$ cat query39.txt   # compact mmCIF, C-alpha atoms
# COMPACT_ATOMS: atom_id res chain seq x y z
CA MET A 1 -4.42 -59.02 -18.37
CA ALA A 2 -4.44 -60.98 -15.12
CA PRO A 3 -3.02 -59.10 -12.15
CA ARG A 4 0.35 -60.22 -10.97
CA SER A 5 -0.66 -59.98 -7.33
CA ASN A 6 -3.64 -59.17 -5.16
CA TYR A 7 -4.44 -55.45 -5.56
CA TYR A 8 -5.55 -55.11 -1.96
CA ASP A 9 -2.25 -56.57 -0.78
CA VAL A 10 -0.34 -54.25 -3.13
CA LEU A 11 -1.89 -51.20 -1.46
CA GLY A 12 -1.82 -52.77 1.98
CA VAL A 13 -5.55 -52.38 2.65
CA LYS A 14 -8.36 -54.76 3.55
CA LYS A 15 -10.93 -55.90 1.01
CA ASP A 16 -13.63 -53.81 2.71
CA ALA A 17 -11.44 -50.66 2.78
CA SER A 18 -13.22 -47.39 2.04
CA ALA A 19 -12.41 -45.22 -0.97
CA ASP A 20 -10.68 -42.74 1.32
CA GLU A 21 -8.50 -45.45 2.85
CA ILE A 22 -7.51 -46.66 -0.63
CA LYS A 23 -6.64 -43.14 -1.73
CA LYS A 24 -4.51 -42.49 1.37
CA ALA A 25 -2.67 -45.81 0.93
CA PHE A 26 -1.97 -45.02 -2.71
CA ARG A 27 -0.63 -41.55 -1.93
CA ARG A 28 1.70 -42.90 0.72
CA LEU A 29 3.06 -45.67 -1.51
CA ALA A 30 3.32 -43.49 -4.62
CA ARG A 31 5.42 -40.98 -2.73
CA LYS A 32 7.66 -43.75 -1.44
CA HIS A 33 8.16 -45.73 -4.68
CA HIS A 34 8.15 -43.02 -7.36
CA PRO A 35 11.16 -43.66 -9.67
CA ASP A 36 12.17 -40.00 -9.72
CA ALA A 37 12.44 -40.15 -5.93
CA GLY A 38 14.68 -43.21 -6.07
CA GLY A 39 11.90 -45.79 -5.81
CA ASP A 40 11.42 -49.10 -7.59
CA GLU A 41 9.86 -48.65 -11.04
CA ALA A 42 8.25 -52.10 -11.16
CA LYS A 43 6.69 -51.58 -7.74
CA PHE A 44 5.45 -48.16 -8.81
CA LYS A 45 3.74 -49.72 -11.87
CA GLU A 46 2.09 -52.30 -9.67
CA ILE A 47 0.81 -49.65 -7.24
CA ASN A 48 -0.74 -47.67 -10.11
CA GLU A 49 -2.39 -50.78 -11.54
CA ALA A 50 -3.95 -51.52 -8.19
CA TYR A 51 -5.17 -48.00 -7.62
CA GLU A 52 -6.52 -47.63 -11.17
CA VAL A 53 -8.87 -50.55 -10.52
CA LEU A 54 -9.72 -50.15 -6.83
CA SER A 55 -10.41 -46.39 -7.07
CA ASP A 56 -13.15 -46.98 -9.67
CA PRO A 57 -16.36 -48.51 -8.20
CA GLU A 58 -17.26 -50.44 -11.40
CA LYS A 59 -13.74 -51.76 -11.97
CA ARG A 60 -13.44 -52.68 -8.31
CA ALA A 61 -16.75 -54.59 -8.39
CA GLN A 62 -15.58 -56.56 -11.43
CA TYR A 63 -12.26 -57.27 -9.74
CA ASP A 64 -13.94 -58.43 -6.54
CA GLN A 65 -16.19 -60.78 -8.53
CA TYR A 66 -13.71 -62.27 -11.00
CA GLY A 67 -10.35 -61.64 -9.37
CA GLN A 68 -9.21 -59.43 -12.24
CA TYR A 69 -10.31 -56.51 -14.43
CA PHE A 70 -11.26 -57.15 -18.06
CA GLY A 71 -12.11 -53.58 -19.11
CA GLY A 72 -10.37 -51.47 -21.77
CA ALA A 73 -9.05 -52.48 -25.18
CA ALA A 74 -8.17 -56.08 -25.86
CA GLY A 75 -4.95 -56.99 -24.21
CA ALA A 76 -4.79 -53.72 -22.32
CA GLY A 77 -4.26 -53.76 -18.57
CA PRO A 78 -5.80 -51.38 -16.09
CA ALA A 79 -3.29 -48.63 -16.76
CA THR A 80 -4.10 -46.28 -19.62
CA GLY A 81 -2.15 -46.31 -22.86
CA ALA A 82 -0.73 -49.54 -24.30
CA GLY A 83 -0.61 -51.27 -20.91
CA TRP A 84 2.36 -51.86 -18.67
CA PRO A 85 3.92 -54.70 -20.70
CA GLY A 86 4.07 -52.48 -23.79
CA GLY A 87 5.73 -49.67 -21.90
CA GLY A 88 2.93 -47.13 -22.51
CA ARG A 89 2.69 -43.86 -20.64
CA VAL A 90 1.17 -43.61 -17.17
CA ARG A 91 -1.78 -41.33 -16.44
CA VAL A 92 -3.35 -41.64 -13.01
CA GLU A 93 -6.97 -40.49 -12.67
CA ASN A 94 -9.45 -39.84 -9.86
CA VAL A 95 -6.89 -38.30 -7.50
CA ASP A 96 -5.22 -34.93 -7.18
CA LEU A 97 -1.55 -35.79 -6.79
CA GLY A 98 -0.64 -32.18 -6.10
CA ASP A 99 -0.82 -32.77 -2.34
CA LEU A 100 1.43 -35.82 -2.08
CA GLY A 101 3.86 -33.86 0.04
CA ASP A 102 7.31 -32.72 -1.08
CA LEU A 103 6.84 -34.44 -4.45
CA GLY A 104 3.48 -32.78 -5.09
CA ASP A 105 4.72 -30.33 -7.70
CA LEU A 106 6.58 -33.08 -9.54
CA PHE A 107 3.61 -35.45 -9.57
CA GLY A 108 1.25 -32.67 -10.64
CA SER A 109 3.21 -32.24 -13.86
CA VAL A 110 4.04 -35.94 -14.36
CA PHE A 111 0.41 -37.05 -14.30
CA GLY A 112 -1.09 -34.06 -16.04
CA GLY A 113 -2.98 -32.91 -12.95
CA ARG A 114 -3.41 -29.27 -12.15
CA ALA A 115 -0.82 -28.27 -14.78
CA HIS A 116 -3.37 -29.05 -17.57
CA SER A 117 -5.57 -26.04 -16.89
CA ARG A 118 -6.62 -24.27 -20.08
CA GLY A 119 -5.58 -20.68 -20.60
CA PRO A 120 -4.37 -18.13 -18.06
CA GLN A 121 -5.54 -18.34 -14.46
CA PRO A 122 -7.25 -15.40 -12.69
CA LYS A 123 -4.67 -13.16 -11.04
CA ARG A 124 -5.31 -10.56 -8.35
CA GLY A 125 -4.28 -7.02 -9.21
CA ARG A 126 -1.32 -5.43 -7.46
CA ASP A 127 -1.75 -3.13 -4.48
CA VAL A 128 -0.94 0.57 -4.95
CA GLN A 129 0.60 2.78 -2.24
CA VAL A 130 0.73 6.59 -2.19
CA GLU A 131 1.57 9.26 0.38
CA LEU A 132 -0.82 12.05 1.34
CA HIS A 133 0.49 15.16 3.12
CA LEU A 134 -1.96 16.86 5.49
CA SER A 135 -1.91 19.79 7.87
CA PHE A 136 -2.27 19.13 11.59
CA GLN A 137 -5.83 20.46 11.50
CA GLN A 138 -6.86 18.35 8.47
CA ALA A 139 -5.69 15.18 10.19
CA PHE A 140 -7.33 16.24 13.47
CA GLU A 141 -10.73 17.03 11.95
CA GLY A 142 -10.74 14.64 8.97
CA THR A 143 -10.93 15.73 5.35
CA SER A 144 -11.40 14.72 1.72
CA ALA A 145 -8.34 14.98 -0.47
CA LYS A 146 -7.24 14.09 -3.98
CA VAL A 147 -4.33 11.74 -4.60
CA ASP A 148 -2.65 10.92 -7.90
CA ILE A 149 -2.52 7.18 -8.47
CA GLU A 150 -0.23 5.59 -11.05
CA ARG A 151 -1.31 2.08 -11.93
CA THR A 152 -1.45 -0.44 -14.77
CA GLU A 153 -4.85 -0.55 -16.45
CA PRO A 154 -6.35 -2.29 -19.53
CA CYS A 155 -5.40 -0.57 -22.77
CA GLU A 156 -8.32 1.48 -24.07
CA ARG A 157 -7.17 1.17 -27.70
CA CYS A 158 -7.36 -2.63 -27.85
CA HIS A 159 -9.70 -3.13 -24.84
CA GLY A 160 -7.04 -5.20 -23.11
CA SER A 161 -6.64 -7.82 -25.85
CA GLY A 162 -3.14 -6.70 -26.86
CA ALA A 163 -4.06 -7.12 -30.54
CA LYS A 164 -4.13 -4.37 -33.14
CA PRO A 165 -7.64 -2.89 -33.46
CA GLY A 166 -9.56 -4.85 -36.07
CA THR A 167 -7.68 -8.07 -35.27
CA SER A 168 -7.91 -10.62 -32.46
CA PRO A 169 -5.57 -13.05 -30.72
CA VAL A 170 -5.53 -16.50 -32.33
CA THR A 171 -5.28 -19.94 -30.81
CA CYS A 172 -1.68 -20.88 -30.07
CA PRO A 173 -0.56 -23.41 -32.73
CA THR A 174 2.02 -24.91 -30.38
CA CYS A 175 -0.29 -25.99 -27.54
CA GLY A 176 -3.62 -25.85 -29.36
CA GLY A 177 -4.98 -23.33 -26.87
CA ARG A 178 -4.31 -25.48 -23.81
CA GLY A 179 -1.55 -23.29 -22.41
CA VAL A 180 0.64 -26.34 -21.68
CA VAL A 181 2.58 -28.85 -23.73
CA SER A 182 3.53 -32.44 -22.87
CA ASP A 183 6.95 -33.98 -23.29
CA GLY A 184 7.50 -37.74 -23.36
CA GLN A 185 10.02 -38.84 -20.73
CA GLY A 186 10.27 -42.63 -21.01
CA MET A 187 7.09 -44.11 -19.55
CA PHE A 188 5.92 -40.74 -18.19
CA ALA A 189 4.29 -37.69 -19.80
CA PHE A 190 5.58 -34.40 -18.37
CA SER A 191 3.60 -31.18 -18.80
CA ARG A 192 5.06 -27.67 -18.86
CA THR A 193 3.82 -24.16 -19.62
CA CYS A 194 3.80 -23.43 -23.31
CA SER A 195 6.67 -21.07 -24.09
CA ALA A 196 5.06 -19.83 -27.30
CA CYS A 197 2.06 -18.26 -25.54
CA SER A 198 3.33 -18.16 -21.91
CA GLY A 199 0.37 -20.27 -20.85
CA SER A 200 -2.33 -17.96 -22.23
CA GLY A 201 -3.41 -20.36 -25.00
CA THR A 202 -3.40 -17.54 -27.57
CA VAL A 203 -0.83 -15.60 -29.57
CA ILE A 204 -0.97 -12.11 -31.07
CA LYS A 205 0.07 -11.78 -34.69
CA GLU A 206 -0.45 -8.00 -34.98
CA LYS A 207 0.26 -6.13 -31.73
CA CYS A 208 -1.58 -3.05 -30.55
CA PRO A 209 0.62 0.03 -31.25
CA VAL A 210 -0.29 1.62 -27.91
CA CYS A 211 0.38 -1.22 -25.43
CA ARG A 212 2.68 -3.20 -27.80
CA GLY A 213 0.78 -6.41 -27.26
CA THR A 214 0.66 -6.38 -23.47
CA GLY A 215 -2.97 -5.31 -23.24
CA ARG A 216 -2.10 -2.96 -20.35
CA VAL A 217 -0.69 0.55 -19.99
CA ARG A 218 0.58 2.72 -17.12
CA ARG A 219 -1.78 5.55 -16.35
CA ARG A 220 -1.88 8.33 -13.74
CA SER A 221 -5.30 9.35 -12.53
CA PRO A 222 -6.65 11.43 -9.62
CA MET A 223 -8.84 9.91 -6.94
CA THR A 224 -10.66 11.50 -4.01
CA VAL A 225 -10.18 9.72 -0.69
CA ASN A 226 -11.85 10.37 2.64
CA VAL A 227 -9.46 10.74 5.57
CA PRO A 228 -11.10 10.01 8.94
CA ALA A 229 -10.77 12.44 11.86
CA GLY A 230 -7.79 11.56 14.04
CA ALA A 231 -5.48 10.34 11.27
CA THR A 232 -1.90 9.93 12.49
CA ASP A 233 1.50 10.57 10.95
CA GLY A 234 2.61 7.40 9.16
CA GLY A 235 -0.87 5.87 9.45
CA LYS A 236 -2.06 3.57 6.66
CA LEU A 237 -5.55 3.87 5.19
CA ARG A 238 -6.80 0.95 3.07
CA PHE A 239 -9.28 1.39 0.22
CA LYS A 240 -10.36 -2.06 -0.91
CA GLY A 241 -10.50 -2.73 -4.64
CA LYS A 242 -8.98 0.64 -5.61
CA GLY A 243 -5.61 -0.76 -6.67
CA GLU A 244 -4.65 -2.17 -10.05
CA PRO A 245 -7.25 -4.22 -11.96
CA GLY A 246 -6.88 -7.99 -11.86
CA GLU A 247 -5.97 -10.12 -14.85
CA SER A 248 -8.06 -12.83 -16.51
CA GLY A 249 -11.03 -12.09 -14.29
CA GLY A 250 -9.04 -11.80 -11.07
CA PRO A 251 -10.07 -9.29 -8.34
CA PRO A 252 -8.47 -5.83 -8.19
CA GLY A 253 -5.79 -4.95 -5.65
CA ASP A 254 -6.15 -2.41 -2.84
CA LEU A 255 -5.06 1.20 -2.47
CA TYR A 256 -3.03 2.12 0.62
CA VAL A 257 -2.73 5.81 1.53
CA ILE A 258 0.07 6.70 3.95
CA THR A 259 -0.74 9.92 5.83
CA ARG A 260 2.07 12.39 6.55
CA ILE A 261 1.21 15.16 9.04
CA LYS A 262 2.93 18.55 8.88
CA PRO A 263 4.23 19.86 12.24
CA HIS A 264 2.07 22.28 14.25
CA PRO A 265 3.63 25.36 15.91
CA PHE A 266 2.89 24.11 19.43
CA PHE A 267 0.68 20.98 19.32
CA VAL A 268 2.22 17.50 19.08
CA ARG A 269 0.25 14.27 18.60
CA GLU A 270 0.78 11.21 20.82
CA GLY A 271 -1.79 8.84 19.39
CA ALA A 272 -5.19 10.26 20.33
CA ASP A 273 -3.61 12.59 22.93
CA VAL A 274 -2.35 16.05 22.02
CA VAL A 275 0.62 17.55 23.90
CA MET A 276 1.53 21.21 24.31
CA GLU A 277 4.01 23.19 26.45
CA LEU A 278 2.81 26.02 28.69
CA PRO A 279 5.52 28.61 29.50
CA ILE A 280 5.14 30.04 33.04
CA SER A 281 7.34 32.40 35.04
CA ILE A 282 9.14 31.57 38.28
CA ALA A 283 6.60 33.66 40.19
CA GLU A 284 3.63 31.91 38.52
CA ALA A 285 5.12 28.51 39.28
CA ALA A 286 5.72 29.47 42.93
CA LEU A 287 2.53 31.40 43.64
CA GLY A 288 0.14 29.65 41.22
CA THR A 289 -2.01 31.24 38.54
CA GLU A 290 -4.94 30.71 36.18
CA VAL A 291 -4.42 30.90 32.44
CA ARG A 292 -6.44 30.43 29.25
CA ILE A 293 -4.99 27.90 26.85
CA PRO A 294 -5.90 27.04 23.23
CA THR A 295 -7.21 23.60 22.24
CA PRO A 296 -6.89 21.82 18.89
CA ASP A 297 -10.58 22.32 18.11
CA GLY A 298 -10.22 26.09 18.48
CA ALA A 299 -12.02 26.73 21.80
CA ALA A 300 -9.87 28.15 24.62
CA VAL A 301 -10.23 26.70 28.13
CA LYS A 302 -9.16 27.84 31.61
CA LEU A 303 -6.36 25.96 33.37
CA ARG A 304 -5.45 26.43 37.03
CA VAL A 305 -1.74 26.19 37.79
CA PRO A 306 -1.42 25.46 41.53
CA PRO A 307 1.25 27.07 43.75
CA GLY A 308 4.58 25.20 43.79
CA THR A 309 4.20 23.81 40.27
CA GLN A 310 7.47 22.19 39.15
CA HIS A 311 9.02 22.35 35.71
CA GLY A 312 7.74 19.43 33.57
CA LYS A 313 4.49 18.99 35.52
CA VAL A 314 1.78 17.64 33.18
CA PHE A 315 -1.86 18.70 33.46
CA ARG A 316 -4.62 16.81 31.61
CA VAL A 317 -7.63 18.44 30.01
CA SER A 318 -9.97 15.47 29.49
CA GLY A 319 -11.58 14.93 26.09
CA LYS A 320 -9.77 17.76 24.32
CA GLY A 321 -7.45 15.51 22.31
CA ALA A 322 -7.95 13.96 18.86
CA PRO A 323 -10.78 11.58 17.89
CA ARG A 324 -9.85 7.92 18.38
CA LEU A 325 -9.50 6.01 15.11
CA LYS A 326 -10.44 2.76 16.82
CA GLY A 327 -13.17 2.96 19.38
CA THR A 328 -15.15 5.97 20.51
CA GLY A 329 -14.44 9.27 22.21
CA ARG A 330 -11.38 11.46 22.11
CA GLY A 331 -7.99 11.59 23.75
CA ASP A 332 -6.81 14.23 26.21
CA LEU A 333 -4.96 17.50 25.91
CA LYS A 334 -1.74 17.16 27.93
CA VAL A 335 -0.32 20.51 29.09
CA LYS A 336 3.32 20.40 30.17
CA ALA A 337 4.51 23.21 32.43
CA LYS A 338 7.70 24.89 31.26
CA VAL A 339 9.19 27.18 33.94
CA VAL A 340 11.04 29.96 32.17
CA VAL A 341 14.00 31.53 33.99
CA PRO A 342 14.57 35.17 32.98
CA THR A 343 17.96 35.96 31.46
CA HIS A 344 17.72 39.76 31.78
CA LEU A 345 16.68 41.42 35.07
CA THR A 346 16.04 45.03 36.00
CA GLU A 347 17.67 46.48 39.10
CA ARG A 348 14.32 46.32 40.89
CA GLN A 349 13.94 42.60 40.02
CA ARG A 350 17.43 41.87 41.24
CA SER A 351 16.68 43.64 44.49
CA LEU A 352 13.46 41.71 45.05
CA LEU A 353 15.11 38.38 44.31
CA GLY A 354 17.91 39.29 46.67
CA GLU A 355 15.39 39.97 49.43
CA PHE A 356 13.73 36.64 48.65
CA MET A 357 17.02 34.81 49.05
CA ALA A 358 17.75 36.68 52.28
CA GLU A 359 14.45 35.56 53.75
CA GLY A 360 15.75 32.00 53.55
CA HIS A 361 14.28 28.99 51.80
CA GLU A 362 14.57 25.23 51.93
CA ASN A 363 18.00 23.78 51.29
CA LEU A 364 17.68 22.29 47.78
CA ARG A 365 21.12 20.66 47.90
CA ALA A 366 21.01 19.03 51.28
CA HIS A 367 20.73 15.59 49.71
CA ILE A 368 24.06 15.91 47.87
CA ARG A 369 26.19 16.83 50.91
$ encode --input "query39.txt" --output "structure tokens"
Amino acid sequence: MAPRSNYYDVLGVKKDASADEIKKAFRRLARKHHPDAGGDEAKFKEINEAYEVLSDPEKRAQYDQYGQYFGGAAGAGPATGAGWPGGGRVRVENVDLGDLGDLGDLFGSVFGGRAHSRGPQPKRGRDVQVELHLSFQQAFEGTSAKVDIERTEPCERCHGSGAKPGTSPVTCPTCGGRGVVSDGQGMFAFSRTCSACSGSGTVIKEKCPVCRGTGRVRRRSPMTVNVPAGATDGGKLRFKGKGEPGESGGPPGDLYVITRIKPHPFFVREGADVVMELPISIAEAALGTEVRIPTPDGAAVKLRVPPGTQHGKVFRVSGKGAPRLKGTGRGDLKVKAKVVVPTHLTERQRSLLGEFMAEGHENLRAHIR
């Protein structure tokens, strides 16, 4: 069939255009003139004719030499099927139409592109998340702990096939094992997932009594996980590949362990730092003192409280905090002074405090007069 116009002019490219230039021109024009996008059907046919020939090196060489392409069955044009005059179906080859832009999904099914994959595609397993409750000391020092994980796993009775033991899935009679079926829509062939087998390409006549044909069951199983030293409340630990198994050869998901830390009687975590309150009397705050304080790792240390220490003053004991999860070293122990005012005084204490007041002291309220 002689071309109705120059194929190079149809695609808007020069005769020496590269294969990449021809492909880009075709994609642009196909997106613009596709009938389902409101384009001109005759123009769309012409564009496909041109691309069918110019995208194939042998067909293009014949076209360049003779001015037309003579390949295919007698009377058939460059398009596949019965040729454009006979109204046959269109099937474009040598290009993935799935990336034509907004119409990519439509074209992928219209031209039998990526939708024609056989059988189910690999699917990554789902992630699993559990909570792990730890004591302050376990999180501080690190520990190994068991967690119960509930996840979907292949059925042991049927080995994941979904079929009754002694039987096997059979090829889907509707799609012939392809997982997709084609519907004729005028001059186009549309592909869709086979509803009989849900795209798997097989059907189960006798289902496994344990998993009821799904091939997978919910199962709870214990797993030992290592918690690093310095774990924090609400922190998330990731264990790669310990989630649910993938499907059809897909990779497994991940396990995420959320750590929950029980409160300590007097230590509080602030990231890698550990905070504690140190109760001191009025006399100790005024005169100064030296005390021994506990640390999270169990060893007591001396702390000097200087004279005139105010309520809320924070002292740092370097390197006595928790191990840093990211990086090296440890945080600090932050000791917050808490001046305790007595609520019950003996007569002697009252007398001494009265003498102290009589001696005179700085006017604390001068700034508010």
$ residues_around --input "query39.txt" --residues "range 141-151 of chain A" --least-positions-apart "6" --cutoff "9 Å" --atoms "all atoms listed in the file" --output "number ranges by chain"
A: 126, 128-132, 134, 217-231, 243-245, 255, 257, 297, 322-323
$ closest_residue --input "query39.txt" --among "A:Lys15, A:Thr174, A:Thr328, A:Ile47" --to "Arg28 in chain A" --atoms "all atoms listed in the file"
A:Ile47
$ residues_around --input "query39.txt" --residues "range 156-170 of chain A" --least-positions-apart "6" --cutoff "8 Å" --atoms "only C-alpha atoms" --output "list in words"
Thr202, Val203, Ile204, Lys205, Glu206, Lys207, Cys208, Pro209, Val210, Cys211, Arg212, Gly213, Thr214, Gly215 and Arg216 of chain A
$ write_last_selection --input "query39.txt" --atoms "C-alpha atoms" --output "mmCIF file, in the coordinates of the input"
data_model
loop_
_atom_site.group_PDB
_atom_site.id
_atom_site.type_symbol
_atom_site.label_atom_id
_atom_site.label_comp_id
_atom_site.auth_asym_id
_atom_site.auth_seq_id
_atom_site.Cartn_x
_atom_site.Cartn_y
_atom_site.Cartn_z
ATOM 1 C CA THR A 202 -3.400 -17.540 -27.570
ATOM 2 C CA VAL A 203 -0.830 -15.600 -29.570
ATOM 3 C CA ILE A 204 -0.970 -12.110 -31.070
ATOM 4 C CA LYS A 205 0.070 -11.780 -34.690
ATOM 5 C CA GLU A 206 -0.450 -8.000 -34.980
ATOM 6 C CA LYS A 207 0.260 -6.130 -31.730
ATOM 7 C CA CYS A 208 -1.580 -3.050 -30.550
ATOM 8 C CA PRO A 209 0.620 0.030 -31.250
ATOM 9 C CA VAL A 210 -0.290 1.620 -27.910
ATOM 10 C CA CYS A 211 0.380 -1.220 -25.430
ATOM 11 C CA ARG A 212 2.680 -3.200 -27.800
ATOM 12 C CA GLY A 213 0.780 -6.410 -27.260
ATOM 13 C CA THR A 214 0.660 -6.380 -23.470
ATOM 14 C CA GLY A 215 -2.970 -5.310 -23.240
ATOM 15 C CA ARG A 216 -2.100 -2.960 -20.350
#
$ atom_distance --input "query39.txt" --atom1 "CA of Ile261 in chain A" --atom2 "CA of Phe140 in chain A"
9.7 Å
$ residues_around --input "query39.txt" --residues "Lys43 in chain A" --least-positions-apart "2" --cutoff "10 Å" --atoms "only C-alpha atoms" --output "PDB file with C-alpha atoms, in the coordinates of the input"
ATOM      1  CA  VAL A  10      -0.340 -54.250  -3.130  1.00  0.00           C
ATOM      2  CA  LEU A  29       3.060 -45.670  -1.510  1.00  0.00           C
ATOM      3  CA  ALA A  30       3.320 -43.490  -4.620  1.00  0.00           C
ATOM      4  CA  HIS A  33       8.160 -45.730  -4.680  1.00  0.00           C
ATOM      5  CA  HIS A  34       8.150 -43.020  -7.360  1.00  0.00           C
ATOM      6  CA  PRO A  35      11.160 -43.660  -9.670  1.00  0.00           C
ATOM      7  CA  GLY A  39      11.900 -45.790  -5.810  1.00  0.00           C
ATOM      8  CA  ASP A  40      11.420 -49.100  -7.590  1.00  0.00           C
ATOM      9  CA  GLU A  41       9.860 -48.650 -11.040  1.00  0.00           C
ATOM     10  CA  LYS A  45       3.740 -49.720 -11.870  1.00  0.00           C
ATOM     11  CA  GLU A  46       2.090 -52.300  -9.670  1.00  0.00           C
ATOM     12  CA  ILE A  47       0.810 -49.650  -7.240  1.00  0.00           C
ATOM     13  CA  ASN A  48      -0.740 -47.670 -10.110  1.00  0.00           C
ATOM     14  CA  GLU A  49      -2.390 -50.780 -11.540  1.00  0.00           C
TER      15      GLU A  49
END
$ closest_residue --input "query39.txt" --among "A:Thr152, A:Gln121, A:Gln310, A:Ser18" --to "Gly179 in chain A" --atoms "only C-alpha atoms"
A:Gln121
$ atom_distance --input "query39.txt" --atom1 "CA of Val305 in chain A" --atom2 "CA of Glu277 in chain A"
13.1 Å
$ atom_distance --input "query39.txt" --atom1 "CA of Leu345 in chain A" --atom2 "CA of Ala358 in chain A"
17.9 Å
$ residues_around --input "query39.txt" --residues "Leu54 in chain A" --least-positions-apart "5" --cutoff "10 Å" --atoms "all atoms listed in the file" --output "list in words"
Tyr7, Tyr8, Leu11, Lys15, Ala17, Ser18, Ala19, Ile22, Lys23, Asn48, Glu49, Lys59, Arg60, Ala61, Gln62, Tyr63, Asp64 and Tyr69 of chain A
$ residues_around --input "query39.txt" --residues "Asp233 in chain A" --least-positions-apart "2" --cutoff "6 Å" --atoms "all atoms listed in the file" --output "list in words"
Gly235, Thr259, Arg260 and Ile261 of chain A
$ closest_residue --input "query39.txt" --among "A:Arg238, A:Ser198, A:Arg124, A:Thr295" --to "Gly250 in chain A" --atoms "only C-alpha atoms"
A:Arg124
$ build_atoms --input "query39.txt" --residues "range 277-288 of chain A" --atoms "N, CA, C and O atoms" --output "tab-separated table (two decimals), in the coordinates of the input"
chain	number	residue	atom	x	y	z
A	277	GLU	N	3.24	22.61	25.34
A	277	GLU	CA	4.01	23.19	26.45
A	277	GLU	C	3.38	24.52	26.85
A	277	GLU	O	2.95	25.31	25.99
A	278	LEU	N	3.34	24.76	28.17
A	278	LEU	CA	2.81	26.02	28.69
A	278	LEU	C	3.94	26.76	29.42
A	278	LEU	O	4.33	26.39	30.52
A	279	PRO	N	4.47	27.83	28.82
A	279	PRO	CA	5.52	28.61	29.50
A	279	PRO	C	4.93	29.38	30.69
A	279	PRO	O	3.89	30.05	30.55
A	280	ILE	N	5.55	29.26	31.86
A	280	ILE	CA	5.14	30.04	33.04
A	280	ILE	C	6.39	30.61	33.70
A	280	ILE	O	7.49	30.05	33.60
A	281	SER	N	6.21	31.75	34.39
A	281	SER	CA	7.34	32.40	35.04
A	281	SER	C	7.64	31.73	36.38
A	281	SER	O	6.86	30.91	36.87
A	282	ILE	N	8.78	32.11	36.97
A	282	ILE	CA	9.14	31.57	38.28
A	282	ILE	C	8.08	31.95	39.31
A	282	ILE	O	7.67	31.13	40.13
A	283	ALA	N	7.61	33.19	39.24
A	283	ALA	CA	6.60	33.66	40.19
A	283	ALA	C	5.30	32.88	40.03
A	283	ALA	O	4.66	32.48	41.01
A	284	GLU	N	4.88	32.65	38.76
A	284	GLU	CA	3.63	31.91	38.52
A	284	GLU	C	3.74	30.48	39.02
A	284	GLU	O	2.80	29.92	39.57
A	285	ALA	N	4.92	29.87	38.81
A	285	ALA	CA	5.12	28.51	39.28
A	285	ALA	C	5.08	28.45	40.80
A	285	ALA	O	4.53	27.52	41.40
A	286	ALA	N	5.65	29.48	41.46
A	286	ALA	CA	5.72	29.47	42.93
A	286	ALA	C	4.40	29.86	43.57
A	286	ALA	O	3.96	29.26	44.56
A	287	LEU	N	3.74	30.87	43.03
A	287	LEU	CA	2.53	31.40	43.64
A	287	LEU	C	1.24	30.79	43.09
A	287	LEU	O	0.19	30.88	43.72
A	288	GLY	N	1.33	30.18	41.87
A	288	GLY	CA	0.14	29.65	41.22
A	288	GLY	C	-0.53	30.73	40.39
A	288	GLY	O	-0.35	31.93	40.61
